[in-house]
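One file, run_32.pdb, is given below (PDB, C-alpha atoms).
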```
ATOM      1  CA  MET A   1       6.425   8.132  16.481  1.00  0.00           C
ATOM      2  CA  THR A   2       2.866   8.603  15.335  1.00  0.00           C
ATOM      3  CA  LYS A   3       1.470   6.953  12.237  1.00  0.00           C
ATOM      4  CA  ASP A   4       1.305  10.330  10.468  1.00  0.00           C
ATOM      5  CA  GLU A   5       4.931  11.087  11.339  1.00  0.00           C
ATOM      6  CA  PHE A   6       5.961   7.653  10.084  1.00  0.00           C
ATOM      7  CA  ILE A   7       4.040   8.137   6.819  1.00  0.00           C
ATOM      8  CA  ALA A   8       5.819  11.484   6.374  1.00  0.00           C
ATOM      9  CA  GLU A   9       9.191   9.790   6.867  1.00  0.00           C
ATOM     10  CA  LEU A  10       8.233   6.945   4.526  1.00  0.00           C
ATOM     11  CA  ALA A  11       7.219   9.523   1.899  1.00  0.00           C
ATOM     12  CA  ASN A  12      10.641  11.099   2.324  1.00  0.00           C
ATOM     13  CA  VAL A  13      12.341   7.714   1.840  1.00  0.00           C
ATOM     14  CA  LEU A  14      10.295   7.092  -1.307  1.00  0.00           C
ATOM     15  CA  GLN A  15      10.688  10.685  -2.506  1.00  0.00           C
ATOM     16  CA  VAL A  16       6.941  11.150  -2.925  1.00  0.00           C
ATOM     17  CA  SER A  17       4.221  13.301  -1.408  1.00  0.00           C
ATOM     18  CA  GLU A  18       2.592  12.070   1.796  1.00  0.00           C
ATOM     19  CA  ASP A  19      -0.729  12.325  -0.053  1.00  0.00           C
ATOM     20  CA  ALA A  20       0.454   9.557  -2.391  1.00  0.00           C
ATOM     21  CA  LEU A  21       0.598   7.055   0.480  1.00  0.00           C
ATOM     22  CA  GLU A  22      -2.512   5.194   1.558  1.00  0.00           C
ATOM     23  CA  PRO A  23      -2.495   1.807   3.321  1.00  0.00           C
ATOM     24  CA  ALA A  24      -3.318  -0.048   0.098  1.00  0.00           C
ATOM     25  CA  THR A  25      -0.759   1.868  -1.998  1.00  0.00           C
ATOM     26  CA  GLU A  26       1.651  -0.519  -3.705  1.00  0.00           C
ATOM     27  CA  LEU A  27       5.266   0.408  -3.135  1.00  0.00           C
ATOM     28  CA  LYS A  28       6.478  -0.906  -6.486  1.00  0.00           C
ATOM     29  CA  GLN A  29       4.674   1.922  -8.281  1.00  0.00           C
ATOM     30  CA  PHE A  30       7.271   4.373  -6.977  1.00  0.00           C
ATOM     31  CA  GLU A  31      10.628   4.755  -8.688  1.00  0.00           C
ATOM     32  CA  GLY A  32      12.073   5.423  -5.247  1.00  0.00           C
ATOM     33  CA  TRP A  33      11.240   1.905  -4.003  1.00  0.00           C
ATOM     34  CA  ASP A  34      14.639   0.378  -4.592  1.00  0.00           C
ATOM     35  CA  SER A  35      17.475  -1.159  -2.608  1.00  0.00           C
ATOM     36  CA  THR A  36      18.496   2.227  -1.214  1.00  0.00           C
ATOM     37  CA  ALA A  37      14.934   2.870  -0.023  1.00  0.00           C
ATOM     38  CA  VAL A  38      14.894  -0.548   1.647  1.00  0.00           C
ATOM     39  CA  ILE A  39      18.079   0.306   3.549  1.00  0.00           C
ATOM     40  CA  ASN A  40      16.731   3.733   4.495  1.00  0.00           C
ATOM     41  CA  LEU A  41      13.491   2.155   5.672  1.00  0.00           C
ATOM     42  CA  ILE A  42      15.408  -0.340   7.822  1.00  0.00           C
ATOM     43  CA  VAL A  43      17.292   2.586   9.392  1.00  0.00           C
ATOM     44  CA  LEU A  44      14.036   4.490   9.944  1.00  0.00           C
ATOM     45  CA  LEU A  45      12.430   1.488  11.620  1.00  0.00           C
ATOM     46  CA  ASP A  46      15.513   0.884  13.760  1.00  0.00           C
ATOM     47  CA  GLU A  47      15.741   4.532  14.850  1.00  0.00           C
ATOM     48  CA  ASN A  48      12.139   4.339  16.013  1.00  0.00           C
ATOM     49  CA  GLY A  49      12.547   1.199  18.067  1.00  0.00           C
ATOM     50  CA  ALA A  50      10.965  -1.265  15.664  1.00  0.00           C
ATOM     51  CA  GLU A  51      12.759  -4.578  15.898  1.00  0.00           C
ATOM     52  CA  VAL A  52      12.198  -6.116  12.497  1.00  0.00           C
ATOM     53  CA  ASP A  53      13.710  -8.921  10.513  1.00  0.00           C
ATOM     54  CA  GLU A  54      15.635  -6.957   7.879  1.00  0.00           C
ATOM     55  CA  GLU A  55      14.905  -9.623   5.276  1.00  0.00           C
ATOM     56  CA  LYS A  56      11.168  -8.902   5.568  1.00  0.00           C
ATOM     57  CA  VAL A  57      11.467  -5.251   4.524  1.00  0.00           C
ATOM     58  CA  PRO A  58      12.023  -5.942   0.795  1.00  0.00           C
ATOM     59  CA  GLU A  59       9.034  -8.315   0.917  1.00  0.00           C
ATOM     60  CA  CYS A  60       6.672  -5.437   1.770  1.00  0.00           C
ATOM     61  CA  LYS A  61       4.244  -4.867  -1.078  1.00  0.00           C
ATOM     62  CA  THR A  62       2.044  -2.074   0.325  1.00  0.00           C
ATOM     63  CA  VAL A  63       2.233   0.802   2.783  1.00  0.00           C
ATOM     64  CA  GLN A  64       0.132  -1.301   5.159  1.00  0.00           C
ATOM     65  CA  ASP A  65       2.760  -4.052   5.017  1.00  0.00           C
ATOM     66  CA  VAL A  66       5.350  -1.521   6.206  1.00  0.00           C
ATOM     67  CA  LEU A  67       3.034  -0.286   8.954  1.00  0.00           C
ATOM     68  CA  ASP A  68       2.397  -3.854  10.085  1.00  0.00           C
ATOM     69  CA  LEU A  69       6.119  -4.535  10.114  1.00  0.00           C
ATOM     70  CA  ALA A  70       6.748  -1.449  12.263  1.00  0.00           C
ATOM     71  CA  GLY A  71       4.171  -2.712  14.744  1.00  0.00           C
ATOM     72  CA  ASP A  72       4.223  -1.121  18.183  1.00  0.00           C
ATOM     73  CA  ALA A  73       6.926   1.364  17.217  1.00  0.00           C
ATOM     74  CA  ILE A  74       4.127   3.419  15.632  1.00  0.00           C
ATOM     75  CA  LYS A  75       1.452   4.815  17.879  1.00  0.00           C
TER      76      LYS A  75
END
```
Represent the supplied structure as structure tokens.
Amino acid sequence: MTKDEFIAELANVLQVSEDALEPATELKQFEGWDSTAVINLIVLLDENGAEVDEEKVPECKTVQDVLDLAGDAIK
């Protein structure tokens, strides 16, 4: 999955426009960043081959944190 495709999927999880997501964007500003979004993000990462510690997902503060967590699963 490309970075742009991942951002589009993350926007879908957060129920926001892709344009609202920049690397420094804080996730807590979105109403959609809740426990359901965390679960959906874990599923998204898993479906794209990112092996992540599930406990680290809720610790993500910014979009860049999520991208860093996804690592090599995003091209």
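Residues in contact with Asp19 of chain A at 12 Å, where only C-alpha atoms are counted and same-chain residues fewer than 4 positions away are skipped, are listed as Asp4, Ile7, Ala8, Leu10, Ala11, Asn12, Gln15, Pro23 and Thr25 of chain A.
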Check your understanding: Can you list, as number ranges by chain, the residues that the PyMOL selection byres ((chain A and resi 68) around 12) selects here?
Key -> A: 3, 23, 45, 50-52, 56-57, 60-67, 69-75
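The space between atom CA of Phe30 of chain A and atom CA of Leu14 of chain A spans 7.0 Å.
The spacing separating atom CA of Val43 of chain A from atom CA of Met1 of chain A amounts to 14.1 Å.
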Write out as a list of chain:residue names each polymer residue whose atoms come within 10 Å of Glu31 of chain A, counting all atoms listed in the file; drop sequence neighbours fewer than 3 positions from it.
-> A:Leu14, A:Gln15, A:Val16, A:Leu27, A:Lys28, A:Asp34, A:Ala37
Here atom CA of Ala20 of chain A and atom CA of Gly32 of chain A stand apart by 12.7 Å
In terms of all atoms listed in the file, the residue from A:Val13, A:Gln29, A:Val38, A:Glu5 at minimal distance from Glu59 of chain A is A:Val38
Rebuild N, CA, C and O atoms on segment 27-48 of chain A, as a PDB file, keeping the file's coordinate frame?
```
ATOM      1  N   LEU A  27       3.963  -0.255  -3.155  1.00  0.00           N
ATOM      2  CA  LEU A  27       5.266   0.408  -3.135  1.00  0.00           C
ATOM      3  C   LEU A  27       5.975   0.349  -4.481  1.00  0.00           C
ATOM      4  O   LEU A  27       6.688   1.277  -4.849  1.00  0.00           O
ATOM      5  N   LYS A  28       5.756  -0.722  -5.222  1.00  0.00           N
ATOM      6  CA  LYS A  28       6.478  -0.906  -6.486  1.00  0.00           C
ATOM      7  C   LYS A  28       6.128   0.151  -7.535  1.00  0.00           C
ATOM      8  O   LYS A  28       6.849   0.310  -8.509  1.00  0.00           O
ATOM      9  N   GLN A  29       5.043   0.891  -7.315  1.00  0.00           N
ATOM     10  CA  GLN A  29       4.674   1.922  -8.281  1.00  0.00           C
ATOM     11  C   GLN A  29       5.583   3.152  -8.206  1.00  0.00           C
ATOM     12  O   GLN A  29       5.574   3.985  -9.093  1.00  0.00           O
ATOM     13  N   PHE A  30       6.390   3.230  -7.154  1.00  0.00           N
ATOM     14  CA  PHE A  30       7.271   4.373  -6.977  1.00  0.00           C
ATOM     15  C   PHE A  30       8.688   4.047  -7.446  1.00  0.00           C
ATOM     16  O   PHE A  30       9.247   3.021  -7.071  1.00  0.00           O
ATOM     17  N   GLU A  31       9.252   4.940  -8.239  1.00  0.00           N
ATOM     18  CA  GLU A  31      10.628   4.755  -8.688  1.00  0.00           C
ATOM     19  C   GLU A  31      11.584   4.693  -7.504  1.00  0.00           C
ATOM     20  O   GLU A  31      12.622   4.054  -7.571  1.00  0.00           O
ATOM     21  N   GLY A  32      11.220   5.371  -6.418  1.00  0.00           N
ATOM     22  CA  GLY A  32      12.073   5.423  -5.247  1.00  0.00           C
ATOM     23  C   GLY A  32      12.115   4.146  -4.425  1.00  0.00           C
ATOM     24  O   GLY A  32      12.918   4.023  -3.510  1.00  0.00           O
ATOM     25  N   TRP A  33      11.248   3.175  -4.752  1.00  0.00           N
ATOM     26  CA  TRP A  33      11.240   1.905  -4.003  1.00  0.00           C
ATOM     27  C   TRP A  33      12.297   0.999  -4.617  1.00  0.00           C
ATOM     28  O   TRP A  33      12.054   0.226  -5.531  1.00  0.00           O
ATOM     29  N   ASP A  34      13.509   1.145  -4.096  1.00  0.00           N
ATOM     30  CA  ASP A  34      14.639   0.378  -4.592  1.00  0.00           C
ATOM     31  C   ASP A  34      15.478  -0.077  -3.404  1.00  0.00           C
ATOM     32  O   ASP A  34      15.074   0.075  -2.255  1.00  0.00           O
ATOM     33  N   SER A  35      16.642  -0.616  -3.683  1.00  0.00           N
ATOM     34  CA  SER A  35      17.475  -1.159  -2.608  1.00  0.00           C
ATOM     35  C   SER A  35      17.912  -0.067  -1.621  1.00  0.00           C
ATOM     36  O   SER A  35      18.008  -0.322  -0.418  1.00  0.00           O
ATOM     37  N   THR A  36      18.137   1.129  -2.114  1.00  0.00           N
ATOM     38  CA  THR A  36      18.496   2.227  -1.214  1.00  0.00           C
ATOM     39  C   THR A  36      17.335   2.572  -0.298  1.00  0.00           C
ATOM     40  O   THR A  36      17.521   2.814   0.901  1.00  0.00           O
ATOM     41  N   ALA A  37      16.118   2.590  -0.834  1.00  0.00           N
ATOM     42  CA  ALA A  37      14.934   2.870  -0.023  1.00  0.00           C
ATOM     43  C   ALA A  37      14.746   1.795   1.034  1.00  0.00           C
ATOM     44  O   ALA A  37      14.357   2.096   2.171  1.00  0.00           O
ATOM     45  N   VAL A  38      15.014   0.553   0.682  1.00  0.00           N
ATOM     46  CA  VAL A  38      14.894  -0.548   1.647  1.00  0.00           C
ATOM     47  C   VAL A  38      15.855  -0.320   2.810  1.00  0.00           C
ATOM     48  O   VAL A  38      15.473  -0.429   3.973  1.00  0.00           O
ATOM     49  N   ILE A  39      17.088   0.046   2.499  1.00  0.00           N
ATOM     50  CA  ILE A  39      18.079   0.306   3.549  1.00  0.00           C
ATOM     51  C   ILE A  39      17.636   1.494   4.409  1.00  0.00           C
ATOM     52  O   ILE A  39      17.694   1.443   5.634  1.00  0.00           O
ATOM     53  N   ASN A  40      17.190   2.557   3.751  1.00  0.00           N
ATOM     54  CA  ASN A  40      16.731   3.733   4.495  1.00  0.00           C
ATOM     55  C   ASN A  40      15.527   3.412   5.368  1.00  0.00           C
ATOM     56  O   ASN A  40      15.402   3.935   6.485  1.00  0.00           O
ATOM     57  N   LEU A  41      14.652   2.555   4.890  1.00  0.00           N
ATOM     58  CA  LEU A  41      13.491   2.155   5.672  1.00  0.00           C
ATOM     59  C   LEU A  41      13.918   1.320   6.878  1.00  0.00           C
ATOM     60  O   LEU A  41      13.397   1.487   7.983  1.00  0.00           O
ATOM     61  N   ILE A  42      14.876   0.457   6.699  1.00  0.00           N
ATOM     62  CA  ILE A  42      15.408  -0.340   7.822  1.00  0.00           C
ATOM     63  C   ILE A  42      15.978   0.594   8.885  1.00  0.00           C
ATOM     64  O   ILE A  42      15.721   0.426  10.073  1.00  0.00           O
ATOM     65  N   VAL A  43      16.722   1.610   8.456  1.00  0.00           N
ATOM     66  CA  VAL A  43      17.292   2.586   9.392  1.00  0.00           C
ATOM     67  C   VAL A  43      16.173   3.339  10.101  1.00  0.00           C
ATOM     68  O   VAL A  43      16.210   3.512  11.327  1.00  0.00           O
ATOM     69  N   LEU A  44      15.172   3.775   9.364  1.00  0.00           N
ATOM     70  CA  LEU A  44      14.036   4.490   9.944  1.00  0.00           C
ATOM     71  C   LEU A  44      13.337   3.639  11.005  1.00  0.00           C
ATOM     72  O   LEU A  44      13.042   4.116  12.107  1.00  0.00           O
ATOM     73  N   LEU A  45      13.083   2.386  10.674  1.00  0.00           N
ATOM     74  CA  LEU A  45      12.430   1.488  11.620  1.00  0.00           C
ATOM     75  C   LEU A  45      13.296   1.287  12.860  1.00  0.00           C
ATOM     76  O   LEU A  45      12.806   1.345  13.990  1.00  0.00           O
ATOM     77  N   ASP A  46      14.586   1.094  12.649  1.00  0.00           N
ATOM     78  CA  ASP A  46      15.513   0.884  13.760  1.00  0.00           C
ATOM     79  C   ASP A  46      15.578   2.108  14.664  1.00  0.00           C
ATOM     80  O   ASP A  46      15.546   1.991  15.891  1.00  0.00           O
ATOM     81  N   GLU A  47      15.661   3.293  14.074  1.00  0.00           N
ATOM     82  CA  GLU A  47      15.741   4.532  14.850  1.00  0.00           C
ATOM     83  C   GLU A  47      14.496   4.764  15.690  1.00  0.00           C
ATOM     84  O   GLU A  47      14.531   5.503  16.671  1.00  0.00           O
ATOM     85  N   ASN A  48      13.393   4.147  15.293  1.00  0.00           N
ATOM     86  CA  ASN A  48      12.139   4.339  16.013  1.00  0.00           C
ATOM     87  C   ASN A  48      11.770   3.142  16.874  1.00  0.00           C
ATOM     88  O   ASN A  48      10.630   2.998  17.309  1.00  0.00           O
TER      89      ASN A  48
END
```
